[in-house]
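Below is one structure, written out as structure tokens; comments come after it.
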Amino acid sequence: MVEWTEAERRAIESVWEKIDINVIGPQALESVLIVYPWTQRYFGVFGNLSSVSAITGNPKVAAHGKTVLKALGSGVKNLDDIKSTYAKLSELHSEKLNVDPDNFRLLADCITIVISTKLAAAFSPDVQAAWQKFLDVVVSALSREYH
Amino acid sequence: MVAWTDAERNAITSVFAKLNPDVVGPNALARCLIVYPWTQRYFSKFGNLYSAETILGNPMVAAHGKVVFGGLEMAVKNLDDIKKTFAPLSELHSEKLHVDPDNFRLLADCITIVVASQLGSAFTAEVQAAWQKFMAVVVSGLCRQYH
């Protein structure tokens, strides 16, 4: 099981309190689709992803970004059992959506970068360390049901 | 040879122009030592690295952060020949300093996070894409002389 120090718990919660998931989610997902264009293959049903402005203006991308960040909130609220929190989502992404789990890490990186643009100095090295550890655990849980 | 679009060149040089060399390099290196503590093994001559505060206050870390930033500046000024520009540095890190090249990617990630925090909303997805491509080429140049 993952061990969290008090300082790490506080850091993760402090990031979560400061961010607006309705802003961060869409921006992070847009970043993934733009910075790592092969990820667009998973979103064929989202319509127009043919340019940066198409992606940033696409309402389905924005909606899905919010969905992803809301799901991240489950992890924040269940730090001591992230594995079982994400078991069903892991199965969904593996069995139904067939998403290469490497892409979870890319999305996690983009979430971290967007958070850094918003929180600036408040995203101190200590806070970054705790946040990245949290995302590593989430990514690991999402990858767990793959076989 | 790496091909840069005009948009990418503009993005990279305009990001770089906005960066404070006294802040970005030191902050990024400190972050690397804090978020990925095993990297401290390369800096035992720097004295006290036992906590985030001491790392952030360590003058040798700050000085070396500026040296790293100077290396980045060289790359920005030689976008079309980063490979050759970094050949001597690559040899130094491989032959003399014995740095595991995986760590270049970690430092590059920390630099990106600091740059994101400095630029805020100006660090758009497009700018992020160009910047990360640049960092990937720099890391590749640094890894090139390893064998």
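Just remember, in the structure tokens the first chain shown is A, the second B, etc., residues are 1-based per chain, and ligands are 1-based in the order shown.
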Find the residues around region 78-85 of chain A up to 9 Å (only C-alpha atoms counted), leave out those fewer than 4 positions away in its own chain, and share them as a PyMOL selection string. chain A and resi 1-4+9+73-74+89+134+137-138+140-142+144
Given the selection you just returned, output its residues as a file containing all heavy atoms, formatted as a compact mmCIF listing (two decimals), in the first residue's frame.
# COMPACT_ATOMS: atom_id res chain seq x y z
N MET A 1 0.85 -1.21 0.00
CA MET A 1 0.00 0.00 0.00
C MET A 1 0.88 1.25 0.00
O MET A 1 1.97 1.25 0.57
CB MET A 1 -0.89 -0.02 1.25
CG MET A 1 -2.07 0.96 1.13
SD MET A 1 -3.04 1.05 2.66
CE MET A 1 -2.32 2.52 3.42
N VAL A 2 0.38 2.29 -0.59
CA VAL A 2 1.16 3.52 -0.67
C VAL A 2 1.13 4.25 0.67
O VAL A 2 0.09 4.37 1.30
CB VAL A 2 0.57 4.47 -1.75
CG1 VAL A 2 1.41 5.72 -1.87
CG2 VAL A 2 0.48 3.73 -3.08
N GLU A 3 2.31 4.72 1.09
CA GLU A 3 2.38 5.49 2.34
C GLU A 3 2.42 6.98 2.00
O GLU A 3 3.18 7.40 1.12
CB GLU A 3 3.70 5.17 3.07
CG GLU A 3 3.86 3.70 3.42
CD GLU A 3 3.19 3.37 4.73
OE1 GLU A 3 2.89 4.33 5.49
OE2 GLU A 3 2.94 2.18 4.99
N TRP A 4 1.58 7.73 2.69
CA TRP A 4 1.60 9.18 2.51
C TRP A 4 1.99 9.84 3.82
O TRP A 4 1.44 9.51 4.88
CB TRP A 4 0.20 9.69 2.14
CG TRP A 4 -0.38 9.06 0.91
CD1 TRP A 4 -1.30 8.05 0.88
CD2 TRP A 4 -0.08 9.38 -0.44
NE1 TRP A 4 -1.59 7.73 -0.43
CE2 TRP A 4 -0.86 8.52 -1.26
CE3 TRP A 4 0.76 10.30 -1.05
CZ2 TRP A 4 -0.82 8.56 -2.65
CZ3 TRP A 4 0.80 10.35 -2.44
CH2 TRP A 4 0.02 9.48 -3.22
N ARG A 9 -0.09 14.58 2.19
CA ARG A 9 -1.55 14.69 2.14
C ARG A 9 -1.98 16.14 2.05
O ARG A 9 -2.86 16.51 1.26
CB ARG A 9 -2.18 14.05 3.40
CG ARG A 9 -2.09 12.55 3.46
CD ARG A 9 -2.66 12.03 4.78
NE ARG A 9 -2.24 10.67 5.02
CZ ARG A 9 -2.91 9.58 4.60
NH1 ARG A 9 -4.04 9.71 3.92
NH2 ARG A 9 -2.44 8.37 4.84
N GLY A 73 -10.57 13.64 -8.64
CA GLY A 73 -11.04 14.01 -7.30
C GLY A 73 -11.32 12.78 -6.44
O GLY A 73 -11.09 12.81 -5.22
N SER A 74 -11.79 11.70 -7.06
CA SER A 74 -12.02 10.47 -6.30
C SER A 74 -10.72 9.97 -5.68
O SER A 74 -10.71 9.45 -4.57
CB SER A 74 -12.55 9.35 -7.20
OG SER A 74 -13.71 9.76 -7.85
N LEU A 89 -12.39 1.85 -13.63
CA LEU A 89 -11.95 2.73 -14.71
C LEU A 89 -10.79 2.08 -15.47
O LEU A 89 -10.68 2.21 -16.68
CB LEU A 89 -11.50 4.09 -14.16
CG LEU A 89 -12.58 5.17 -14.10
CD1 LEU A 89 -12.00 6.44 -13.48
CD2 LEU A 89 -13.13 5.47 -15.48
N PHE A 134 1.35 11.47 -6.24
CA PHE A 134 -0.08 11.17 -6.31
C PHE A 134 -0.47 10.72 -7.72
O PHE A 134 -1.10 9.69 -7.92
CB PHE A 134 -0.89 12.40 -5.88
CG PHE A 134 -2.36 12.32 -6.20
CD1 PHE A 134 -3.16 11.34 -5.64
CD2 PHE A 134 -2.95 13.24 -7.06
CE1 PHE A 134 -4.52 11.26 -5.93
CE2 PHE A 134 -4.30 13.19 -7.35
CZ PHE A 134 -5.09 12.19 -6.79
N VAL A 137 0.71 7.29 -8.60
CA VAL A 137 -0.12 6.23 -8.00
C VAL A 137 -1.41 6.06 -8.80
O VAL A 137 -1.87 4.95 -9.06
CB VAL A 137 -0.42 6.55 -6.51
CG1 VAL A 137 -1.38 5.54 -5.93
CG2 VAL A 137 0.88 6.56 -5.72
N VAL A 138 -2.02 7.19 -9.22
CA VAL A 138 -3.24 7.13 -10.02
C VAL A 138 -2.96 6.41 -11.34
O VAL A 138 -3.71 5.52 -11.76
CB VAL A 138 -3.80 8.55 -10.28
CG1 VAL A 138 -4.90 8.52 -11.32
CG2 VAL A 138 -4.30 9.17 -8.98
N SER A 140 -0.63 4.34 -12.03
CA SER A 140 -0.36 2.93 -11.75
C SER A 140 -1.67 2.17 -11.56
O SER A 140 -1.84 1.07 -12.10
CB SER A 140 0.53 2.84 -10.51
OG SER A 140 0.61 1.52 -10.08
N ALA A 141 -2.62 2.77 -10.83
CA ALA A 141 -3.91 2.11 -10.60
C ALA A 141 -4.68 1.96 -11.90
O ALA A 141 -5.30 0.91 -12.16
CB ALA A 141 -4.73 2.91 -9.60
N LEU A 142 -4.60 2.98 -12.76
CA LEU A 142 -5.31 2.91 -14.04
C LEU A 142 -4.69 1.85 -14.95
O LEU A 142 -5.36 1.31 -15.83
CB LEU A 142 -5.27 4.26 -14.74
CG LEU A 142 -6.33 5.25 -14.28
CD1 LEU A 142 -6.05 6.62 -14.86
CD2 LEU A 142 -7.72 4.78 -14.70
N ARG A 144 -3.45 -0.95 -13.87
CA ARG A 144 -3.38 -2.22 -13.13
C ARG A 144 -4.20 -3.36 -13.73
O ARG A 144 -3.81 -4.52 -13.65
CB ARG A 144 -3.85 -1.99 -11.70
CG ARG A 144 -3.16 -2.86 -10.75
CD ARG A 144 -3.30 -2.38 -9.33
NE ARG A 144 -2.67 -3.37 -8.48
CZ ARG A 144 -3.28 -4.45 -8.02
NH1 ARG A 144 -4.55 -4.67 -8.29
NH2 ARG A 144 -2.63 -5.34 -7.27
So that each row is one residue of chain A with an atom at most 8 Å from chain B, can you give its shortest atom pair and the distance in Å to one decimal, using only C-alpha atoms, rows by chain and rising number, as CSV?
residue,atom,partner,partner_atom,distance
A:Gln27,CA,B:Ala125,CA,7.9
A:Glu30,CA,B:Ala125,CA,7.1
A:Ser31,CA,B:Ala125,CA,4.8
A:Ile34,CA,B:Ala125,CA,6.4
A:Val35,CA,B:Ala129,CA,4.5
A:Tyr36,CA,B:Ala129,CA,7.9
A:Val52,CA,B:Glu126,CA,7.3
A:Thr112,CA,B:Ile113,CA,7.8
A:Ile113,CA,B:Ile113,CA,5.7
A:Val114,CA,B:Ala116,CA,7.5
A:Ser116,CA,B:Ser117,CA,4.9
A:Thr117,CA,B:Gly120,CA,4.0
A:Lys118,CA,B:Gly120,CA,6.0
A:Leu119,CA,B:Ser117,CA,7.0
A:Ala120,CA,B:Ser117,CA,4.2
A:Ala121,CA,B:Ser117,CA,6.9
A:Pro125,CA,B:Arg31,CA,5.0
A:Asp126,CA,B:Ala52,CA,6.8
A:Gln128,CA,B:Val35,CA,7.0
A:Ala129,CA,B:Val35,CA,4.5
Contact residues around Pro101 (chain A) with only C-alpha atoms at 10 Å, ignoring same-chain residues under 5 positions, as a list in words: Ser90, His93, Ser94, Leu106, Val139, Ser140, Leu142, Ser143, Arg144 and Tyr146 of chain A
If we count only C-alpha atoms, what is near Asn48 (chain A) at a cut-off of 12 Å, once residues fewer than 4 positions away on the same chain are taken out, given as a count of residues only? 15
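Nearest-residue note for Asn10 (chain B): choosing from B:Leu79, B:Ala136, B:Cys143, B:Leu97, the minimum distance belongs to B:Leu79, counting only C-alpha atoms.
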